[in-house]
2 protein chains.
Amino acid sequence: MIQSIAIQGVKGSFHHIVAKQYFGDQVALNEYLSFDKTVQSLLDADTDAVVMALENSIAGSIIPNYALIDTHNLHIVGEQYLDIQHHLMALPNQSVNDIKEVYSHPMALLQCKTFFKKHAHIKLIEDKDTAEVAQRIQEQKLSGVAAIASSLAAELFELEILAESIQSIKQNETRFVIVKRTNSEIPEADINKASLKFELEHKRGSLAALLNVMSDCKLNLTKIQSLPKIETPWKYAFFIDVTFSNYEDYKKAKSIMNIMAEDFKVLGEYKNAKP
Amino acid sequence: MIQSIAIQGVKGSFHHIVAKQYFGDQVALNEYLSFDKTVQSLLDADTDAVVMALENSIAGSIIPNYALIDTHNLHIVGEQYLDIQHHLMALPNQSVNDIKEVYSHPMALLQCKTFFKKHAHIKLIEDKDTAEVAQRIQEQKLSGVAAIASSLAAELFELEILAESIQSIKQNETRFVIVKRTNSEIPEADINKASLKFELEHKRGSLAALLNVMSDCKLNLTKIQSLPKIETPWKYAFFIDVTFSNYEDYKKAKSIMNIMAEDFKVLGEYKNAKP
């Protein structure tokens, strides 16, 4: 049976690229204009999985997406990395000087602000999505208007790339996760990474004790992020990713951490995309 | 001598509120339209200190600002917390229905998207700042146009608040830091918090060993954040905040961490604003 995959954005978006890379072309793609809506579609069983950006090398963790996974008790079943490159694109036979307006997502506009400082004649207008603007330019044959989007978007909507990689920071690796309603679907032997969440009282040494357990059980930490719980002063939530070579080691650590930490929760067990 | 303080944004911005709370009213305020420019003014000795948002309870750490402090070897000399409340404001004697356009910073627009979904007749237009729009509305007597800004901005620019606290997530506590060219200016006895940065090889247990040192030296961890170094795979940078009651304890931990970690660096030593 063909899986249906929810992405934030439309065809040609970075989420679409990741969906293609992870699932191949034999999937039905459901397009939503917000992460909230992709998750709602998963909860309603309208889709089988969500592709979701979770952190990137410029801005760090996308905390609201962690919250979506956590609040709705969803599961990370896989991950994928993508190097985000923003290109300026428009209908063919125009130059950058012909462009009067650029519509794009506020984040994309922010990331390309240095480029647009050098092209001050272009008016920047906030839009809901990056690739959707590319689609609209083609459908409505909009001259003088450009989009900031992926090379896949340029290809799909037959636009010409006027300027390549216009984002200020050239290297922007983003980590995407595949989110489902149920936990891991691969055999234990293939699992070598896990995303965990737990809470700790603000007590000296409590995190060190937990990390000692992980280290003793041969887990490698690849990410750690504390988040103060605003509604509960002095209590902290931690989001942690670990990699391991033996599932039994991880299982042992898990059972100890379950006793030591409050609200210990496995957000997902999956295959490390960076082996 | 009056200190000159650089803020991102104009008078009435949240950075202005923090500057007032931290320094009082006897300062010269220098307004800049980006964090980069506030830092440049500090490097050029045009200003004595920068007020800079560093993390908030919704989005987590503002990684580019950490990078600004780190790259330019600046120092955190103080901190201040502020509960961010966005209000919709316009010239007096108008209602929300009279408003046709809202100009604001993309982040503010994003944070208030639920409110604007209910008021779909309002066009959202990206602007460089929040409070600057409030100022412009008053100066140019713009009817039918609203700003999203602080109550201080409404007060300064004599605008009427049409809707209070329109951001989707009602509690948004933001941590600001005071940044200077030189390290702490308060006596050691008054210092009870420090921001540290170090790097570690991706070796099992390396972070646990560091945290054990901190715990043994009676330091409390209030924040931890790992950031992979894109250009150096398997190497991680950690940003850590610790609190302590005895500067000598901290000094001991510091000298041990300096040996154990690579590129150990004190970003700042200051007084905890949440005692």
# chains A, B, ... in the order shown; residues from 1 in each chain; ligands from 1

call {"tool": "interface_residues", "arguments": {"of": "chain B", "to": "chain A", "cutoff": "10 Å", "atoms": "only C-alpha atoms", "output": "PyMOL selection string"}}
result
chain B and resi 56-65+67+105-107+109-110+124-127+171-173+202-231+234-236+238-240

call {"tool": "closest_atom_pairs", "arguments": {"of": "segment 75-135 of chain A", "to": "segment 11-22 of chain A", "cutoff": "7 Å", "atoms": "only C-alpha atoms", "output": "Markdown table"}}
result
| residue | atom | partner | partner_atom | distance |
| --- | --- | --- | --- | --- |
| A:Gln80 | CA | A:Val18 | CA | 6.9 |
| A:Thr130 | CA | A:Ser13 | CA | 6.9 |
| A:Ala131 | CA | A:Ser13 | CA | 5.2 |

call {"tool": "write_last_selection", "arguments": {"atoms": "N, CA, C and O atoms", "output": "mmCIF file, in the first residue's frame"}}
result
data_model
loop_
_atom_site.group_PDB
_atom_site.id
_atom_site.type_symbol
_atom_site.label_atom_id
_atom_site.label_comp_id
_atom_site.auth_asym_id
_atom_site.auth_seq_id
_atom_site.Cartn_x
_atom_site.Cartn_y
_atom_site.Cartn_z
ATOM 1 N N GLN A 80 16.786 12.327 8.678
ATOM 2 C CA GLN A 80 17.415 12.602 7.386
ATOM 3 C C GLN A 80 18.040 13.996 7.466
ATOM 4 O O GLN A 80 17.429 14.915 8.025
ATOM 5 N N THR A 130 7.798 28.989 0.873
ATOM 6 C CA THR A 130 8.810 29.340 -0.113
ATOM 7 C C THR A 130 8.407 28.807 -1.502
ATOM 8 O O THR A 130 8.264 29.576 -2.456
ATOM 9 N N ALA A 131 8.196 27.493 -1.603
ATOM 10 C CA ALA A 131 7.946 26.865 -2.908
ATOM 11 C C ALA A 131 6.595 27.253 -3.485
ATOM 12 O O ALA A 131 6.425 27.329 -4.708
#

call {"tool": "atom_distance", "arguments": {"atom1": "atom CA of Ser245 of chain A", "atom2": "atom CA of Asn183 of chain A"}}
result
19.5 Å

call {"tool": "select_by_dssp", "arguments": {"residues": "segment 37-273 of chain A", "states": "alpha helix (DSSP H)", "output": "PyMOL selection string"}}
result
chain A and resi 37-43+63-71+106-111+113-117+131-139+151-156+206-216+247-260

call {"tool": "residues_around", "arguments": {"residues": "Phe157 of chain A", "least_positions_apart": "4", "cutoff": "8 Å", "atoms": "only C-alpha atoms", "output": "MDAnalysis selection string"}}
result
chainID A and resid 134:135 138 153

call {"tool": "write_last_selection", "arguments": {"atoms": "N, CA, C and O atoms", "output": "PDB file, in the first residue's frame"}}
result
ATOM      1  N   ALA A 134       6.873  29.999  -5.802  1.00  0.00           N
ATOM      2  CA  ALA A 134       7.416  29.563  -7.095  1.00  0.00           C
ATOM      3  C   ALA A 134       6.292  29.022  -7.976  1.00  0.00           C
ATOM      4  O   ALA A 134       6.186  29.355  -9.162  1.00  0.00           O
ATOM      5  N   GLN A 135       5.422  28.221  -7.379  1.00  0.00           N
ATOM      6  CA  GLN A 135       4.288  27.643  -8.099  1.00  0.00           C
ATOM      7  C   GLN A 135       3.369  28.761  -8.631  1.00  0.00           C
ATOM      8  O   GLN A 135       2.961  28.761  -9.788  1.00  0.00           O
ATOM      9  N   GLN A 138       4.620  30.717 -11.648  1.00  0.00           N
ATOM     10  CA  GLN A 138       4.426  29.985 -12.909  1.00  0.00           C
ATOM     11  C   GLN A 138       2.957  29.981 -13.318  1.00  0.00           C
ATOM     12  O   GLN A 138       2.619  30.266 -14.470  1.00  0.00           O
ATOM     13  N   ALA A 153      12.156  23.090  -6.616  1.00  0.00           N
ATOM     14  CA  ALA A 153      11.041  23.989  -6.935  1.00  0.00           C
ATOM     15  C   ALA A 153      11.249  24.637  -8.307  1.00  0.00           C
ATOM     16  O   ALA A 153      10.314  24.730  -9.111  1.00  0.00           O
TER      17      ALA A 153
END

call {"tool": "closest_residue", "arguments": {"among": "B:Ile84, B:Val77, B:Ala194, B:Met52", "to": "Gln111 of chain B", "atoms": "only C-alpha atoms"}}
result
B:Ile84

call {"tool": "select_by_dssp", "arguments": {"residues": "segment 56-270 of chain A", "states": "strand (DSSP E or B)", "output": "VMD selection string"}}
result
chain A and resid 56 60 to 61 75 to 83 87 to 90 101 to 104 123 to 126 145 to 149 160 to 163 173 to 180 193 to 201 220 to 228 235 to 243 262 to 270

call {"tool": "closest_residue", "arguments": {"among": "B:Glu155, B:Tyr66, B:Asp46, B:Gln8", "to": "Tyr32 of chain B", "atoms": "only C-alpha atoms"}}
result
B:Gln8

call {"tool": "atom_distance", "arguments": {"atom1": "atom CA of Ile166 of chain A", "atom2": "atom CA of Gln85 of chain A"}}
result
7.7 Å
